[in-house]
Structure formats: C-alpha cells, structure tokens
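Note sheet for the following structure.
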Amino acid sequence: MTHEHIAAVFDRDLERIQALVMKMGGLAEAALNDAATALEARDGELAERVRAGDAALDALEEEINAECAKVIALRAPTAGDLRTVLTVMKIASALERCGDYAKNLARRSLVLAEMPRVEGAAGSIRRMARQVGLLLRDALDAYARRDAELAREVRARDEEVDQMYGALFREFVTHMMADPRLISPCLHLHFIAKNIERVGDHATSIAEQVIYLVSGALPGEERPKDEGATLGQPGRGL
C-alpha cells in the first residue's frame, strides 16, 4: 500500500470519527439545555428523557474509543496523526462527562419539583446553562475547523461562567439565611449550578485540546478562574 493511499484511508477513518464526535457534542449540548428547561418548567417527562438519553452519549464514547484504537492498530499513525487520534479520545471523554452532569441536573430537577420554588433561581440556572452550551458549541467548532484562536476565546470566556456561578452561590446563601424552608432546595440548586460550571470546565478542556492539536503544546499560562468557582466541589455522582 502506497504512502498516499495509507494517508487517504487514515483521513477517511478520521472523518468518520470526527462525525461521531460532533454528533456526541450535539447530544451533550441538547442534554444540558433540555435539563435546564426541565428544571425551569418542572417538566418531569423531559427530565426523564434527559436521564435516559445519557446512554447514547456513553455508547458514542465507546464507539469513538473503539474506532480510535482500530486506527492506531491498523494505520500506525505517525506523531502528528497520533496526536489527532489521542485528542479525539480526550474530547470524547470530556463530552461523556458533560452528559453525566446534564443527567445529574435532570435528576435533581425531579427532586426540586416537589420542593418550594426559589424565586428567580431556575431562570438564572437556565441562563447559565445557555452560556455554557454556547461555550461547548464553540469549542467543538474550534475543533472541527482547527481554529486555535476560537479555542483561546472559549478558554477566556470560561471566567464569565465562573462569575455566574459565584453570583448564584451568593444568591442561594441569601435565600437560605432569609428562609430556612429554602435550605434544601437551595442546596440542590447549588449542586446544579456547580454541575453546569463543571460542563464549562470541560468545554474549556476541549478548547485546550484544540490548541494542543494545532500547535503541539498545551497553553502554558494558568486558565483564568473566578474564585467563586472554588466554592462547593460536588463529586461526579452528585
């Protein structure tokens, strides 16, 4: 097999894998937006669909990893091409985690539907989720276009998400101090806000992988971080 033919086969393999990544990204973004909508509308049916839909994201990650392993085994990609394959696997892993956080948001929205409303909180959560969804979309666009400049913009914009989370955290503390009946719903809302902030972190990680893919090096400077984002660190299952 000639070098040109090997390169062409590798490109076709990569195009197929990239299509799976973009499909996975679309599902992750939709899951986040649908979960936030379910919270605001107290729509249990939509929340359950988000929870059930997480299985599709898990299956896509497994398919992408299997395809990448096959490419490595059969095509023996050289340094630059190998970097591309490894980047794809890391992006798929980040998207799978985004799906987990959307599922957790949907699960908590079902619990919150049985609790007193916290005035204005669901709308604020919805706006934060929309902002993070745009980050995720732009990070994936940067990957598809190999656009390092757009990836750097995504990385910088994550600080806005951190600020939104910090403002929500302070709002929840105020509600809890004013009315003890709101302590439980505010705690759930806090964990939801933190889950959304974590999706923003994963979108930023995808952007950093794009920078690595294009330049061969991860960003050297620390990622901008608002101190409010360090408040409350729920684990994966929360």
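Residues are referred to by chain and number: the chain letter is A, B, ... according to the order shown in the structure tokens, the number counts from 1 in that chain, and ligands are numbered separately from 1 in the order shown.
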
List as an NGL selection string the protein and nucleic acid residues near Leu20 (chain A), meaning an atom at most 9 Å away when only C-alpha atoms are counted, but skip any in the same chain fewer than 6 places from it.
:A and (60-61 or 63-64)

How would the residues just chosen look if you wrote them out with N, CA and C atoms as a PDB file, in the first residue's frame?
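As a result, selection_23.pdb now contains:
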```pdb
ATOM      1  N   LEU A  60     -21.698   6.325  22.330  1.00  0.00           N
ATOM      2  CA  LEU A  60     -20.872   7.019  21.343  1.00  0.00           C
ATOM      3  C   LEU A  60     -19.412   7.108  21.792  1.00  0.00           C
ATOM      4  N   GLU A  61     -19.198   7.368  23.076  1.00  0.00           N
ATOM      5  CA  GLU A  61     -17.815   7.414  23.557  1.00  0.00           C
ATOM      6  C   GLU A  61     -17.133   6.055  23.347  1.00  0.00           C
ATOM      7  N   GLU A  63     -17.877   3.825  21.107  1.00  0.00           N
ATOM      8  CA  GLU A  63     -17.657   3.637  19.669  1.00  0.00           C
ATOM      9  C   GLU A  63     -16.455   4.433  19.191  1.00  0.00           C
ATOM     10  N   ILE A  64     -16.338   5.675  19.652  1.00  0.00           N
ATOM     11  CA  ILE A  64     -15.200   6.521  19.259  1.00  0.00           C
ATOM     12  C   ILE A  64     -13.895   5.910  19.740  1.00  0.00           C
TER      13      ILE A  64
END
```

Would you list the contacts of Gln131 (chain A) as a PyMOL selection string, taking every protein, DNA or RNA residue within 12 Å and counting only C-alpha atoms, but skipping same-chain residues closer than 3 positions in sequence?
chain A and resi 29+32-33+36+124-128+134-138+154+157-165+196-197+199-200+203

Which residues of region 153-227 of chain A come within 10 Å of region 72-91 of chain A, and what is each one's closest atom pair and distance in Å (one decimal), counting only C-alpha atoms, sorted by chain and residue number, as JSON lines?
```
{"residue": "A:His202", "atom": "CA", "partner": "A:Ile91", "partner_atom": "CA", "distance": 8.7}
{"residue": "A:Ala203", "atom": "CA", "partner": "A:Ile91", "partner_atom": "CA", "distance": 9.0}
{"residue": "A:Ser205", "atom": "CA", "partner": "A:Ile91", "partner_atom": "CA", "distance": 8.1}
{"residue": "A:Ile206", "atom": "CA", "partner": "A:Ile91", "partner_atom": "CA", "distance": 5.6}
{"residue": "A:Ala207", "atom": "CA", "partner": "A:Ile91", "partner_atom": "CA", "distance": 9.1}
{"residue": "A:Glu208", "atom": "CA", "partner": "A:Thr87", "partner_atom": "CA", "distance": 9.9}
{"residue": "A:Gln209", "atom": "CA", "partner": "A:Thr87", "partner_atom": "CA", "distance": 6.2}
{"residue": "A:Val210", "atom": "CA", "partner": "A:Thr87", "partner_atom": "CA", "distance": 7.7}
{"residue": "A:Tyr212", "atom": "CA", "partner": "A:Thr87", "partner_atom": "CA", "distance": 8.2}
{"residue": "A:Leu213", "atom": "CA", "partner": "A:Thr84", "partner_atom": "CA", "distance": 6.3}
{"residue": "A:Val214", "atom": "CA", "partner": "A:Thr84", "partner_atom": "CA", "distance": 9.2}
{"residue": "A:Gly216", "atom": "CA", "partner": "A:Arg83", "partner_atom": "CA", "distance": 8.2}
```

Might you pull out every residue within 6 Å of region 46-52 of chain A, with only C-alpha atoms counted and same-chain residues fewer than 3 positions away left off, and present them as a short mmCIF file (atom, residue, chain, number, x, y, z; two decimals) with N, CA and C atoms, in the first residue's frame?
```cif
data_model
loop_
_atom_site.label_atom_id
_atom_site.label_comp_id
_atom_site.auth_asym_id
_atom_site.auth_seq_id
_atom_site.Cartn_x
_atom_site.Cartn_y
_atom_site.Cartn_z
N ALA A 31 -28.66 17.92 25.80
CA ALA A 31 -28.99 17.38 27.11
C ALA A 31 -28.92 18.46 28.18
N ALA A 35 -32.18 19.73 30.17
CA ALA A 35 -32.22 19.56 31.62
C ALA A 35 -32.54 20.88 32.31
N ALA A 38 -36.18 21.59 31.75
CA ALA A 38 -36.99 20.75 32.62
C ALA A 38 -37.04 21.30 34.04
N ASP A 43 -40.75 20.06 34.41
CA ASP A 43 -41.21 19.08 33.43
C ASP A 43 -40.52 17.75 33.71
N LYS A 103 -27.27 14.78 33.13
CA LYS A 103 -28.13 13.76 33.75
C LYS A 103 -28.34 14.07 35.23
N ALA A 106 -30.82 16.82 35.59
CA ALA A 106 -32.18 16.33 35.39
C ALA A 106 -32.68 15.57 36.61
#
```

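Taking only C-alpha atoms into account, Asp147 (chain A) lies nearest to A:Ile211 out of the set A:Leu57, A:Ala19, A:Ala69, A:Ile211.
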
Please indicate the distance in Å from CA of Val132 (chain A) to CA of Gly53 (chain A), rounded to one decimal place.
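Pair CA of Val132 (chain A) / CA of Gly53 (chain A) returns 19.2 Å.
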
For Gly120 (chain A), list every protein, DNA or RNA residue within 12 Å, evaluated using only C-alpha atoms, and leave out those in the same chain fewer than 2 positions away; present the list as a PyMOL selection string.
chain A and resi 39-40+117-118+122-127+168+171-172+175+186+189

Export, as a short mmCIF file (atom, residue, chain, number, x, y, z; two decimals), in the first residue's frame, the selected residues with C-alpha atoms.
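Below you can see selection11.cif, which holds the result:
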```
data_model
loop_
_atom_site.label_atom_id
_atom_site.label_comp_id
_atom_site.auth_asym_id
_atom_site.auth_seq_id
_atom_site.Cartn_x
_atom_site.Cartn_y
_atom_site.Cartn_z
CA LEU A 39 -35.86 22.43 35.84
CA GLU A 40 -37.45 25.77 34.96
CA ARG A 117 -39.76 27.30 44.48
CA VAL A 118 -36.76 29.59 44.95
CA ALA A 122 -34.49 28.38 37.76
CA GLY A 123 -34.30 31.23 35.25
CA SER A 124 -30.78 32.10 36.38
CA ILE A 125 -29.77 28.44 36.06
CA ARG A 126 -31.29 28.39 32.57
CA ARG A 127 -29.25 31.42 31.51
CA LEU A 168 -25.70 32.21 42.10
CA GLU A 171 -27.89 34.31 45.94
CA PHE A 172 -28.59 30.86 47.38
CA HIS A 175 -32.22 32.79 50.36
CA CYS A 186 -31.08 25.90 47.56
CA LEU A 189 -29.76 24.30 43.13
#
```

Would you work out the distance separating CA of Glu114 (chain A) from CA of Ile183 (chain A), expressed in Å to one decimal?
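So the two atoms, CA of Glu114 (chain A) and CA of Ile183 (chain A), lie 13.9 Å apart.
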
Given only C-alpha atoms as the counted atoms, nearest of A:Gly44, A:Pro116, A:Gly25, A:Pro185 to Gly99 (chain A)
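The closest residue to Gly99 (chain A) is A:Gly25.
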
One decimal, in Å: what's the spacing between CA of Ala8 (chain A) and CA of Asp141 (chain A)?
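Separation between CA of Ala8 (chain A) and CA of Asp141 (chain A): 23.3 Å.
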